[in-house]
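J.: For reference, this is protein18.txt, and it has compact mmCIF, C-alpha atoms (C1' of nucleotides).
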```txt
# COMPACT_ATOMS: atom_id res chain seq x y z
CA MET Y 1 10.26 -20.70 -9.98
CA ALA Y 2 8.03 -23.26 -8.47
CA LEU Y 3 4.49 -21.93 -8.94
CA ALA Y 4 4.70 -22.98 -12.59
CA HIS Y 5 5.98 -26.38 -11.53
CA THR Y 6 3.33 -26.81 -8.84
CA ILE Y 7 0.70 -26.15 -11.49
CA LEU Y 8 2.34 -28.59 -13.89
CA ALA Y 9 2.52 -31.22 -11.17
CA THR Y 10 -1.18 -30.73 -10.39
CA LEU Y 11 -2.18 -30.88 -14.04
CA GLY Y 12 -0.20 -34.08 -14.31
CA ASP Y 13 -2.99 -35.95 -12.54
CA GLU Y 14 -6.05 -34.28 -13.95
CA ALA Y 15 -7.22 -31.33 -16.08
CA TYR Y 16 -8.17 -28.26 -14.11
CA SER Y 17 -9.41 -24.76 -14.80
CA GLY Y 18 -7.68 -21.77 -13.20
CA TYR Y 19 -10.49 -21.49 -10.74
CA ASP Y 20 -10.30 -25.21 -9.85
CA LEU Y 21 -6.54 -24.87 -9.33
CA TRP Y 22 -7.06 -21.91 -7.08
CA LYS Y 23 -9.47 -23.89 -4.90
CA LYS Y 24 -7.09 -26.85 -4.90
CA PHE Y 25 -4.29 -24.52 -3.81
CA SER Y 26 -6.27 -23.00 -0.98
CA GLN Y 27 -7.12 -26.51 0.18
CA THR Y 28 -4.76 -29.45 -0.25
CA LYS Y 29 -1.79 -27.65 -1.78
CA ALA Y 30 -1.64 -25.18 1.11
CA CYS Y 31 0.94 -27.22 3.01
CA TYR Y 32 3.62 -26.53 0.41
CA TRP Y 33 2.57 -23.74 -1.94
CA GLN Y 34 0.33 -20.74 -1.58
CA ALA Y 35 -0.76 -18.61 -4.51
CA SER Y 36 -3.51 -16.14 -5.26
CA GLN Y 37 -6.09 -16.50 -8.02
CA GLN Y 38 -4.35 -13.79 -10.05
CA GLN Y 39 -0.99 -15.46 -9.79
CA ILE Y 40 -2.44 -18.75 -10.99
CA TYR Y 41 -4.26 -17.22 -13.98
CA ARG Y 42 -1.13 -15.33 -15.03
CA GLU Y 43 1.06 -18.38 -14.68
CA LEU Y 44 -1.40 -20.44 -16.75
CA GLY Y 45 -1.18 -17.81 -19.48
CA LYS Y 46 2.61 -18.02 -19.47
CA LEU Y 47 2.66 -21.81 -19.46
CA GLU Y 48 0.24 -21.93 -22.38
CA LYS Y 49 2.41 -19.50 -24.36
CA GLU Y 50 5.44 -21.71 -23.93
CA GLU Y 51 3.30 -24.74 -24.78
CA ALA Y 52 3.84 -26.56 -21.51
CA ILE Y 53 0.05 -26.82 -21.21
CA ASP Y 54 -2.89 -26.56 -23.60
CA SER Y 55 -6.46 -25.56 -22.99
CA GLU Y 56 -10.01 -26.36 -23.94
CA ILE Y 57 -13.14 -24.36 -23.25
CA ILE Y 58 -15.89 -26.34 -21.58
CA ALA Y 59 -19.47 -25.06 -21.54
CA GLN Y 60 -21.40 -25.80 -18.37
CA LYS Y 61 -25.09 -25.75 -17.49
CA GLY Y 62 -26.04 -23.17 -14.93
CA ARG Y 63 -22.47 -21.87 -14.64
CA PRO Y 64 -20.07 -19.74 -16.66
CA ALA Y 65 -17.96 -21.68 -19.18
CA LYS Y 66 -14.55 -22.70 -17.97
CA LYS Y 67 -11.18 -23.11 -19.62
CA ILE Y 68 -9.51 -26.32 -18.57
CA TYR Y 69 -5.83 -26.98 -18.97
CA GLN Y 70 -3.86 -30.13 -19.69
CA ILE Y 71 -0.15 -30.73 -19.40
CA THR Y 72 1.68 -31.39 -22.69
CA ASP Y 73 4.72 -33.62 -23.31
CA LYS Y 74 6.79 -30.46 -23.33
CA GLY Y 75 5.37 -29.59 -19.92
CA ILE Y 76 6.14 -33.03 -18.51
CA GLU Y 77 9.70 -32.69 -19.78
CA LYS Y 78 10.03 -29.25 -18.19
CA LEU Y 79 8.75 -30.56 -14.84
CA LYS Y 80 11.01 -33.60 -14.97
CA ASN Y 81 14.14 -31.54 -15.63
CA TRP Y 82 13.27 -29.21 -12.78
CA VAL Y 83 12.82 -32.11 -10.34
CA LEU Y 84 16.41 -33.15 -11.04
CA GLU Y 85 17.80 -29.79 -9.92
CA PRO Y 86 18.57 -29.19 -6.23
CA ALA Y 87 16.02 -27.13 -4.26
CA GLU Y 88 16.86 -24.32 -1.86
CA PRO Y 89 15.22 -24.37 1.55
CA MET Y 90 12.41 -21.83 1.81
CA ALA Y 91 13.36 -18.37 3.03
CA ILE Y 92 11.83 -17.57 6.40
CA ARG Y 93 9.99 -14.24 6.56
CA GLU Y 94 7.73 -14.34 9.55
CA ASP Y 95 6.04 -11.03 10.33
CA LEU Y 96 4.91 -12.26 13.73
CA LEU Y 97 8.51 -12.70 14.87
CA VAL Y 98 9.45 -9.21 13.73
CA LYS Y 99 6.60 -8.01 15.92
CA VAL Y 100 7.89 -10.12 18.79
CA ILE Y 101 11.30 -8.43 18.68
CA SER Y 102 9.52 -5.06 18.63
CA ALA Y 103 7.05 -6.12 21.31
CA HIS Y 104 8.47 -3.79 23.98
CA LEU Y 105 7.03 -0.83 22.01
CA ALA Y 106 3.48 -1.91 22.83
CA PRO Y 107 1.63 -3.16 25.90
CA LYS Y 108 2.48 -6.78 26.72
CA SER Y 109 -1.10 -7.89 26.10
CA VAL Y 110 -0.87 -6.88 22.43
CA ILE Y 111 1.78 -9.42 21.54
CA LEU Y 112 0.37 -12.11 23.82
CA GLN Y 113 -3.05 -11.82 22.21
CA GLU Y 114 -1.50 -11.84 18.76
CA ILE Y 115 0.44 -15.02 19.50
CA GLU Y 116 -2.75 -16.55 20.90
CA ARG Y 117 -4.56 -15.60 17.68
CA HIS Y 118 -1.86 -17.33 15.64
CA ARG Y 119 -2.13 -20.35 17.87
CA GLN Y 120 -5.79 -20.57 16.95
CA ILE Y 121 -5.09 -20.20 13.23
CA HIS Y 122 -2.56 -23.04 13.34
CA THR Y 123 -4.83 -25.22 15.47
CA GLN Y 124 -7.56 -24.74 12.90
CA GLN Y 125 -5.24 -25.59 10.00
CA LEU Y 126 -3.91 -28.63 11.84
CA SER Y 127 -7.40 -30.01 12.27
CA VAL Y 128 -8.05 -29.51 8.55
CA TYR Y 129 -4.91 -31.50 7.70
CA LYS Y 130 -5.75 -34.23 10.22
CA GLU Y 131 -9.21 -34.52 8.70
CA ILE Y 132 -7.63 -34.97 5.26
CA GLU Y 133 -5.27 -37.55 6.72
CA GLN Y 134 -8.10 -39.60 8.18
CA GLN Y 135 -10.22 -39.35 5.05
CA ASN Y 136 -7.57 -39.97 2.41
CA PHE Y 137 -4.79 -41.89 4.10
CA PRO Y 138 -6.40 -44.32 6.54
CA ASP Y 139 -3.88 -47.07 5.82
CA VAL Y 140 -0.35 -45.92 4.96
CA SER Y 141 0.86 -49.43 4.20
CA LYS Y 142 -1.50 -49.65 1.23
CA LEU Y 143 -0.32 -46.51 -0.52
CA SER Y 144 1.43 -46.50 -3.89
CA TYR Y 145 4.74 -44.66 -4.22
CA LYS Y 146 3.00 -41.68 -5.82
CA GLN Y 147 0.42 -41.57 -3.03
CA LYS Y 148 3.16 -41.83 -0.43
CA CYS Y 149 4.77 -38.75 -1.94
CA ILE Y 150 1.54 -36.81 -1.55
CA TYR Y 151 1.13 -38.16 1.95
CA ALA Y 152 4.67 -37.00 2.81
CA THR Y 153 3.70 -33.42 1.95
CA LEU Y 154 0.61 -33.67 4.13
CA ARG Y 155 2.77 -34.96 6.99
CA CYS Y 156 4.99 -31.94 6.44
CA GLY Y 157 1.99 -29.67 6.84
CA ILE Y 158 0.89 -31.49 9.97
CA GLY Y 159 4.41 -31.21 11.40
CA TYR Y 160 4.55 -27.53 10.56
CA GLU Y 161 1.28 -26.62 12.22
CA SER Y 162 2.18 -28.70 15.28
CA TYR Y 163 5.53 -26.93 15.54
CA ARG Y 164 3.84 -23.53 15.27
CA ILE Y 165 1.36 -24.40 18.02
CA SER Y 166 4.16 -25.61 20.30
CA TRP Y 167 6.11 -22.44 19.70
CA CYS Y 168 3.09 -20.26 20.45
CA ASP Y 169 2.65 -22.09 23.76
CA GLU Y 170 6.32 -21.71 24.61
CA ALA Y 171 6.37 -18.03 23.67
CA ILE Y 172 3.20 -17.21 25.61
CA SER Y 173 4.60 -18.95 28.66
CA LEU Y 174 8.00 -17.24 28.30
CA LEU Y 175 6.64 -13.75 27.75
CA SER Y 176 3.91 -13.99 30.38
CA GLU Y 177 6.35 -14.66 33.21
CA GLU Y 178 7.00 -11.97 35.75
CA THR Y 179 10.24 -10.19 34.92
CA SER Y 180 12.16 -8.28 37.54
CA LYS Y 181 14.22 -6.21 35.09
CA MET Z 1 5.98 -4.99 4.54
CA ALA Z 2 8.24 -6.26 7.19
CA LEU Z 3 11.76 -5.87 5.81
CA ALA Z 4 11.51 -2.15 6.53
CA HIS Z 5 10.23 -2.94 10.01
CA THR Z 6 12.89 -5.54 10.71
CA ILE Z 7 15.51 -2.94 9.84
CA LEU Z 8 13.80 -0.35 12.04
CA ALA Z 9 13.63 -2.84 14.90
CA THR Z 10 17.33 -3.63 14.53
CA LEU Z 11 18.30 0.04 14.37
CA GLY Z 12 16.27 0.56 17.51
CA ASP Z 13 19.05 -1.02 19.55
CA GLU Z 14 22.14 0.27 17.82
CA ALA Z 15 23.31 2.18 14.73
CA TYR Z 16 24.31 -0.05 11.84
CA SER Z 17 25.60 0.35 8.32
CA GLY Z 18 23.95 -1.50 5.45
CA TYR Z 19 26.78 -3.96 5.45
CA ASP Z 20 26.51 -4.54 9.21
CA LEU Z 21 22.79 -5.12 8.86
CA TRP Z 22 23.36 -7.62 6.11
CA LYS Z 23 25.75 -9.61 8.30
CA LYS Z 24 23.33 -9.38 11.20
CA PHE Z 25 20.57 -10.68 8.92
CA SER Z 26 22.60 -13.62 7.67
CA GLN Z 27 23.41 -14.50 11.26
CA THR Z 28 21.03 -13.85 14.14
CA LYS Z 29 18.04 -12.50 12.20
CA ALA Z 30 17.97 -15.58 9.97
CA CYS Z 31 15.36 -17.33 12.12
CA TYR Z 32 12.68 -14.81 11.19
CA TRP Z 33 13.78 -12.70 8.25
CA GLN Z 34 16.03 -13.27 5.28
CA ALA Z 35 17.12 -10.51 2.93
CA SER Z 36 19.92 -9.96 0.45
CA GLN Z 37 22.46 -7.14 0.63
CA GLN Z 38 20.77 -5.40 -2.28
CA GLN Z 39 17.37 -5.51 -0.66
CA ILE Z 40 18.75 -4.04 2.54
CA TYR Z 41 20.54 -1.17 0.81
CA ARG Z 42 17.45 -0.34 -1.22
CA GLU Z 43 15.21 -0.44 1.82
CA LEU Z 44 17.63 1.82 3.72
CA GLY Z 45 17.44 4.32 0.87
CA LYS Z 46 13.64 4.30 1.02
CA LEU Z 47 13.53 4.60 4.79
CA GLU Z 48 15.91 7.55 4.70
CA LYS Z 49 13.77 9.29 2.07
CA GLU Z 50 10.72 9.03 4.28
CA GLU Z 51 12.80 10.17 7.25
CA ALA Z 52 12.26 7.05 9.34
CA ILE Z 53 16.03 6.83 9.69
CA ASP Z 54 18.96 9.20 9.25
CA SER Z 55 22.57 8.55 8.35
CA GLU Z 56 26.08 9.62 9.13
CA ILE Z 57 29.24 8.80 7.25
CA ILE Z 58 31.98 7.37 9.44
CA ALA Z 59 35.60 7.27 8.26
CA GLN Z 60 37.54 4.19 9.33
CA LYS Z 61 41.23 3.36 9.42
CA GLY Z 62 42.26 0.56 7.13
CA ARG Z 63 38.73 0.15 5.75
CA PRO Z 64 36.36 1.98 3.43
CA ALA Z 65 34.19 4.61 5.07
CA LYS Z 66 30.76 3.43 6.11
CA LYS Z 67 27.35 5.04 6.29
CA ILE Z 68 25.65 4.24 9.56
CA TYR Z 69 21.94 4.66 10.12
CA GLN Z 70 19.94 5.63 13.17
CA ILE Z 71 16.22 5.36 13.74
CA THR Z 72 14.35 8.67 14.09
CA ASP Z 73 11.30 9.45 16.23
CA LYS Z 74 9.26 9.17 13.06
CA GLY Z 75 10.73 5.71 12.51
CA ILE Z 76 9.93 4.58 16.05
CA GLU Z 77 6.37 5.79 15.58
CA LYS Z 78 6.09 3.90 12.28
CA LEU Z 79 7.37 0.69 13.88
CA LYS Z 80 5.11 1.06 16.90
CA ASN Z 81 1.99 1.51 14.77
CA TRP Z 82 2.90 -1.51 12.73
CA VAL Z 83 3.35 -3.69 15.83
CA LEU Z 84 -0.24 -2.93 16.81
CA GLU Z 85 -1.60 -4.32 13.55
CA PRO Z 86 -2.34 -8.04 13.25
CA ALA Z 87 0.23 -10.16 11.37
CA GLU Z 88 -0.58 -12.78 8.76
CA PRO Z 89 1.07 -16.18 9.10
CA MET Z 90 3.91 -16.62 6.62
CA ALA Z 91 2.99 -18.07 3.23
CA ILE Z 92 4.48 -21.51 2.72
CA ARG Z 93 6.32 -21.94 -0.58
CA GLU Z 94 8.55 -24.93 -0.23
CA ASP Z 95 10.24 -26.01 -3.46
CA LEU Z 96 11.35 -29.30 -1.95
CA LEU Z 97 7.75 -30.38 -1.41
CA VAL Z 98 6.80 -29.53 -4.97
CA LYS Z 99 9.63 -31.83 -6.01
CA VAL Z 100 8.33 -34.49 -3.65
CA ILE Z 101 4.91 -34.51 -5.34
CA SER Z 102 6.67 -34.76 -8.70
CA ALA Z 103 9.15 -37.34 -7.45
CA HIS Z 104 7.71 -40.19 -9.52
CA LEU Z 105 9.13 -38.50 -12.64
CA ALA Z 106 12.69 -39.22 -11.52
CA PRO Z 107 14.55 -42.19 -10.03
CA LYS Z 108 13.72 -42.70 -6.37
CA SER Z 109 17.30 -41.99 -5.30
CA VAL Z 110 17.08 -38.42 -6.62
CA ILE Z 111 14.43 -37.31 -4.15
CA LEU Z 112 15.85 -39.37 -1.28
CA GLN Z 113 19.28 -37.78 -1.72
CA GLU Z 114 17.75 -34.35 -1.98
CA ILE Z 115 15.80 -34.82 1.26
CA GLU Z 116 19.00 -36.10 2.90
CA ARG Z 117 20.82 -32.97 1.69
CA HIS Z 118 18.12 -30.80 3.24
CA ARG Z 119 18.38 -32.77 6.44
CA GLN Z 120 22.05 -31.84 6.59
CA ILE Z 121 21.37 -28.16 5.92
CA HIS Z 122 18.83 -28.03 8.74
CA THR Z 123 21.08 -29.98 11.11
CA GLN Z 124 23.83 -27.46 10.42
CA GLN Z 125 21.52 -24.49 11.02
CA LEU Z 126 20.17 -26.09 14.21
CA SER Z 127 23.66 -26.39 15.64
CA VAL Z 128 24.31 -22.72 14.83
CA TYR Z 129 21.18 -21.72 16.73
CA LYS Z 130 22.00 -24.00 19.66
CA GLU Z 131 25.46 -22.48 19.86
CA ILE Z 132 23.88 -18.99 20.01
CA GLU Z 133 21.49 -20.24 22.68
CA GLN Z 134 24.32 -21.54 24.87
CA GLN Z 135 26.45 -18.44 24.38
CA ASN Z 136 23.81 -15.75 24.78
CA PHE Z 137 21.02 -17.28 26.80
CA PRO Z 138 22.63 -19.53 29.43
CA ASP Z 139 20.10 -18.57 32.11
CA VAL Z 140 16.59 -17.80 30.88
CA SER Z 141 15.37 -16.78 34.32
CA LYS Z 142 17.71 -13.78 34.31
CA LEU Z 143 16.54 -12.29 31.03
CA SER Z 144 14.79 -8.93 30.75
CA TYR Z 145 11.49 -8.76 28.87
CA LYS Z 146 13.22 -7.40 25.79
CA GLN Z 147 15.80 -10.19 25.90
CA LYS Z 148 13.06 -12.77 26.36
CA CYS Z 149 11.45 -11.50 23.17
CA ILE Z 150 14.70 -12.03 21.28
CA TYR Z 151 15.10 -15.43 22.91
CA ALA Z 152 11.57 -16.38 21.82
CA THR Z 153 12.55 -15.81 18.18
CA LEU Z 154 15.64 -17.98 18.61
CA ARG Z 155 13.49 -20.71 20.12
CA CYS Z 156 11.27 -20.41 17.06
CA GLY Z 157 14.28 -20.98 14.83
CA ILE Z 158 15.36 -23.98 16.90
CA GLY Z 159 11.85 -25.41 16.74
CA TYR Z 160 11.71 -24.88 13.00
CA GLU Z 161 14.98 -26.62 12.21
CA SER Z 162 14.06 -29.50 14.54
CA TYR Z 163 10.73 -29.90 12.81
CA ARG Z 164 12.43 -29.89 9.40
CA ILE Z 165 14.90 -32.58 10.49
CA SER Z 166 12.09 -34.75 11.88
CA TRP Z 167 10.14 -34.41 8.67
CA CYS Z 168 13.17 -35.35 6.56
CA ASP Z 169 13.60 -38.50 8.66
CA GLU Z 170 9.93 -39.37 8.35
CA ALA Z 171 9.88 -38.72 4.60
CA ILE Z 172 13.03 -40.74 3.95
CA SER Z 173 11.63 -43.63 5.92
CA LEU Z 174 8.24 -43.40 4.20
CA LEU Z 175 9.58 -43.14 0.67
CA SER Z 176 12.32 -45.76 1.13
CA GLU Z 177 9.86 -48.49 2.01
CA GLU Z 178 9.19 -51.24 -0.47
CA THR Z 179 5.97 -50.56 -2.29
CA SER Z 180 3.98 -53.33 -3.91
CA LYS Z 181 1.95 -51.07 -6.21
C1' DA V 1 53.61 -8.98 -7.42
C1' DT V 2 49.15 -10.76 -7.46
C1' DA V 3 45.34 -13.44 -6.33
C1' DG V 4 41.93 -14.06 -2.99
C1' DT V 5 39.05 -12.38 0.56
C1' DA V 6 36.60 -9.01 3.38
C1' DT V 7 34.71 -4.51 3.74
C1' DA V 8 31.39 -1.06 1.90
C1' DC V 9 28.31 0.64 -1.34
C1' DT V 10 25.52 1.65 -5.96
C1' DA V 11 22.66 0.77 -10.02
C1' DA V 12 19.68 -1.40 -13.12
C1' DA V 13 17.08 -5.10 -15.19
C1' DC V 14 14.09 -8.65 -14.42
C1' DA V 15 10.86 -11.90 -12.09
C1' DA V 16 7.42 -12.75 -8.73
C1' DA V 17 3.85 -11.39 -5.58
C1' DT V 18 0.33 -8.28 -3.92
C1' DT V 19 -3.52 -5.24 -4.35
C1' DG V 20 -7.42 -3.42 -6.40
C1' DA V 21 -10.71 -2.88 -9.95
C1' DG V 22 -13.49 -4.94 -13.29
C1' DT V 23 -16.74 -8.22 -16.19
C1' DA V 24 -20.15 -11.73 -16.31
C1' DT V 25 -23.36 -15.69 -15.04
C1' DG V 26 -26.22 -18.12 -11.89
C1' DT V 27 -28.09 -19.69 -7.15
C1' DC V 28 -30.38 -19.00 -2.95
C1' DA V 29 -32.52 -16.90 0.85
C1' DA V 30 -34.74 -12.85 3.07
C1' DT C 1 -36.46 -8.22 -6.03
C1' DT C 2 -32.58 -7.24 -3.90
C1' DG C 3 -28.39 -8.58 -1.84
C1' DA C 4 -25.09 -11.99 -0.70
C1' DC C 5 -22.42 -15.57 -2.39
C1' DA C 6 -20.12 -18.82 -5.60
C1' DT C 7 -18.32 -19.57 -10.15
C1' DA C 8 -15.07 -18.03 -13.74
C1' DC C 9 -11.94 -14.97 -15.67
C1' DT C 10 -9.07 -10.40 -17.07
C1' DC C 11 -6.25 -6.27 -16.60
C1' DA C 12 -3.14 -2.93 -14.56
C1' DA C 13 -0.33 -0.73 -11.00
C1' DT C 14 2.73 -1.30 -7.44
C1' DT C 15 5.77 -3.55 -4.32
C1' DT C 16 8.95 -6.97 -3.24
C1' DG C 17 12.63 -10.15 -4.37
C1' DT C 18 16.44 -11.90 -7.40
C1' DT C 19 20.22 -11.53 -10.42
C1' DT C 20 24.02 -9.40 -12.36
C1' DA C 21 27.34 -6.01 -12.77
C1' DG C 22 29.80 -2.60 -11.20
C1' DT C 23 33.21 0.83 -8.06
C1' DA C 24 36.59 1.18 -4.50
C1' DT C 25 39.72 0.26 -0.36
C1' DA C 26 42.63 -2.71 2.28
C1' DC C 27 44.46 -6.97 4.33
C1' DT C 28 46.64 -11.51 3.82
C1' DA C 29 48.87 -15.46 2.00
C1' DT C 30 51.51 -17.33 -1.80
```
In structure tokens, how does this file's structure come out?

T.:
Amino acid sequence: MALAHTILATLGDEAYSGYDLWKKFSQTKACYWQASQQQIYRELGKLEKEEAIDSEIIAQKGRPAKKIYQITDKGIEKLKNWVLEPAEPMAIREDLLVKVISAHLAPKSVILQEIERHRQIHTQQLSVYKEIEQQNFPDVSKLSYKQKCIYATLRCGIGYESYRISWCDEAISLLSEETSK
Amino acid sequence: MALAHTILATLGDEAYSGYDLWKKFSQTKACYWQASQQQIYRELGKLEKEEAIDSEIIAQKGRPAKKIYQITDKGIEKLKNWVLEPAEPMAIREDLLVKVISAHLAPKSVILQEIERHRQIHTQQLSVYKEIEQQNFPDVSKLSYKQKCIYATLRCGIGYESYRISWCDEAISLLSEETSK
DNA sequence: ATAGTATACTAAACAAATTGAGTATGTCAA
DNA sequence: TTGACATACTCAATTTGTTTAGTATACTAT
């Protein structure tokens, strides 16, 4: 599965501790992979066992020591082989939509407010991505191939949040209408 | 979790067997919930144990007998309570994007062809949804509230596939460009 | 005849994800 | 000095999802 590979890909650029990875995931990686702290620590343990990564303990002043991980040649090989395999599109499992098809069981305002709440969440996330875009990708024409790849994932996140916001607007408008039946 | 609730919501309209539900899931439910046959059968077993649904075995001519399930009052109550709770936005875990950030490990054509393949998958799914839209929702103004809710989920699926196609186009264009660096 | 496909369901092992409880250190503000 | 928060990591239980392997009936095309 791809959590291992996302970690490998991230460690390909720089050494990170589990905690650093977790923060990275909740920030810039969020547009394509979400994982909890526990998942990341467990996966790091597994990857170290199979020697795809190795670790080093770094003492810090004024902070607990941290264990930073580096990708090994074996890990690079593993990642490379995986990239060559075809990827399945993500499975859609959207709780909100299950609630929408069950919406008639509750007062109309419940689902409308919930969609509005989601609209806000996606608007917030979109502004985070747009901020990253402005800060890190001011001039697309000057990007290296590797940077373009990262930028493409950010654009995917921006597209996703925009699509979600549009759908929320459409759904609110559709479900707010007066219905004779 | 929502597989149980998706099943309950589906059984709210009509009695289905596990096999029927599975087909329903791979067709019209696909825009908001995906589940395998095995998952559905297991979930049905659980739901029956907790008396949210009950079953009846129906003999058929020229086919194996089937076990059809109906929602109980307890099940309706369970679904209703769940609808009132807030829903978390779906976690994004998109293998393709992990491959995109690792794309520099393979020849450029590998990732471009893979994105093109995904573009085709999403184009195919979009046309399925549009066909359903034309067949089942020719006149939105005549829909009941309950039907509008179902239609809203279809519109979400249509929006999703459209967004995916647009992103594939953008990514192919971005990554195909000549890069000096 | 038999191979392939569709219907209809069960079981079990395994992998991945979630949830909750802990441990420990250090900063900062009330 | 107490409580909240951030850093940094571990362990265990449970749920959810995937994979593989079955059983069994019946239709259809070769």

J.: Residues of chain V within 9 Å of chain Y, counting only C-alpha atoms (C1' of nucleotides), what are they? List them as a PyMOL selection string.

T.: chain V and resi 16-18+24-27

J.: Save out the residues we just selected, C-alpha atoms (C1' of nucleotides), as an mmCIF file, in the coordinates of the input.

T.:
```cif
data_model
loop_
_atom_site.group_PDB
_atom_site.id
_atom_site.type_symbol
_atom_site.label_atom_id
_atom_site.label_comp_id
_atom_site.auth_asym_id
_atom_site.auth_seq_id
_atom_site.Cartn_x
_atom_site.Cartn_y
_atom_site.Cartn_z
ATOM 1 C "C1'" DA V 16 7.420 -12.750 -8.730
ATOM 2 C "C1'" DA V 17 3.850 -11.390 -5.580
ATOM 3 C "C1'" DT V 18 0.330 -8.280 -3.920
ATOM 4 C "C1'" DA V 24 -20.150 -11.730 -16.310
ATOM 5 C "C1'" DT V 25 -23.360 -15.690 -15.040
ATOM 6 C "C1'" DG V 26 -26.220 -18.120 -11.890
ATOM 7 C "C1'" DT V 27 -28.090 -19.690 -7.150
#
```

J.: Give me the residues near Y:Asp73 as number ranges by chain, where near means some atom within 10 Å (using all atoms listed in the file) and where sequence neighbours in that chain fewer than 5 positions away do not count.

T.: Y: 51-53, 78-79

J.: Can I get the selected residues back with C-alpha atoms, as a compact mmCIF listing (two decimals), in the frame of the given file?

T.:
```txt
# COMPACT_ATOMS: atom_id res chain seq x y z
CA GLU Y 51 3.30 -24.74 -24.78
CA ALA Y 52 3.84 -26.56 -21.51
CA ILE Y 53 0.05 -26.82 -21.21
CA LYS Y 78 10.03 -29.25 -18.19
CA LEU Y 79 8.75 -30.56 -14.84
```

J.: Pick out the residues sitting within 9 Å of Y:Glu161, and hand them over as a list in words; count all atoms listed in the file, and ignore anything fewer than 3 positions along from it in its own chain.

T.: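 Neighbouring residues, sequence-local ones excluded: His122, Thr123, Gln125, Leu126, Cys156, Gly157, Ile158, Arg164, Ile165 and Ser166 of chain Y.
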
J.: Can you tell me how far atom CA of Z:Lys49 sits from atom CA of Z:Thr10, in Å to one decimal?

T.: 18.3 Å

J.: Near Y:Gln135, counting all atoms listed in the file, which residues have an atom at most 12 Å away, once you skip same-chain residues fewer than 6 positions from it, shown as a PyMOL selection string?

T.: chain Y and resi 128-129+151

J.: For atom CA of Z:Ile111 and atom CA of Z:Leu97, determine how far apart the two atoms are, in Å to one decimal place.

T.: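 It comes out at 10.0 Å.
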
J.: For stretch 19-24 of chain C, list every protein, DNA or RNA residue within 10 Å, evaluated using all atoms listed in the file, and leave out those in the same chain fewer than 6 positions away; present the list as a PyMOL selection string.

T.: (chain Z and resi 64) or (chain V and resi 8-15)

J.: For each of Z:Met90, Z:Lys66, Z:Leu143, Z:Gly75, take the minimum atom-to-atom distance to Z:Lys46, counting only C-alpha atoms, then give the residue where this is smallest.

T.: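 Counting only C-alpha atoms, the residue closest to Z:Lys46 is Z:Gly75.
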
J.: Report, in Å to a single decimal, how far apart atom CA of Y:Cys31 and atom CA of Z:Cys168 are.

T.: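 About the pair atom CA of Z:Cys168 and atom CA of Y:Cys31: they are 15.1 Å apart.
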
J.: Enumerate as a PyMOL selection string the residues belonging to chain C that approach chain Z to within 9 Å, with all atoms listed in the file taken into account.

T.: chain C and resi 15-18+24-27

J.: Next, dump the selected residues to file, keeping only C-alpha atoms (C1' of nucleotides), as an mmCIF file, keeping the file's coordinate frame.

T.:
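Writing the result to selection_38.cif gives the following:
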```cif
data_model
loop_
_atom_site.group_PDB
_atom_site.id
_atom_site.type_symbol
_atom_site.label_atom_id
_atom_site.label_comp_id
_atom_site.auth_asym_id
_atom_site.auth_seq_id
_atom_site.Cartn_x
_atom_site.Cartn_y
_atom_site.Cartn_z
ATOM 1 C "C1'" DT C 15 5.770 -3.550 -4.320
ATOM 2 C "C1'" DT C 16 8.950 -6.970 -3.240
ATOM 3 C "C1'" DG C 17 12.630 -10.150 -4.370
ATOM 4 C "C1'" DT C 18 16.440 -11.900 -7.400
ATOM 5 C "C1'" DA C 24 36.590 1.180 -4.500
ATOM 6 C "C1'" DT C 25 39.720 0.260 -0.360
ATOM 7 C "C1'" DA C 26 42.630 -2.710 2.280
ATOM 8 C "C1'" DC C 27 44.460 -6.970 4.330
#
```

J.: Using all atoms listed in the file, which residues sit within 12 Å of V:DA3 once same-chain residues fewer than 3 positions away are excluded, as a list in words?

T.: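 Listed by chain and then number, they are DT28, DA29 and DT30 of chain C.
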
J.: Take the residues from that selection and write them out as a short mmCIF file (atom, residue, chain, number, x, y, z; two decimals), in the frame of the given file, keeping C-alpha atoms (C1' of nucleotides).

T.:
```cif
data_model
loop_
_atom_site.label_atom_id
_atom_site.label_comp_id
_atom_site.auth_asym_id
_atom_site.auth_seq_id
_atom_site.Cartn_x
_atom_site.Cartn_y
_atom_site.Cartn_z
"C1'" DT C 28 46.64 -11.51 3.82
"C1'" DA C 29 48.87 -15.46 2.00
"C1'" DT C 30 51.51 -17.33 -1.80
#
```

J.: Measuring atom to atom with all atoms listed in the file, identify which of Y:Gln27, Y:Ser173, Y:Thr72, Y:Ser102 is nearest to chain Z.

T.: Y:Ser102

J.: Around all of stretch 64-68 of chain Z's listed atoms, make the axis-aligned box with 8 Å on each side and tell me centre and edge lengths in Å to one decimal, as AutoDock Vina command-line options.

T.:
```
--center_x 31.0 --center_y 3.5 --center_z 6.5 --size_x 26.7 --size_y 19.1 --size_z 22.1
```

J.: Nearest to Z:Ile101: which of Y:Ala15, Y:Ile71, Y:Ala9, Y:Leu47 is it, counting all atoms listed in the file?

T.: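 Of the candidates, the smallest distance to Z:Ile101 is held by Y:Ala9.
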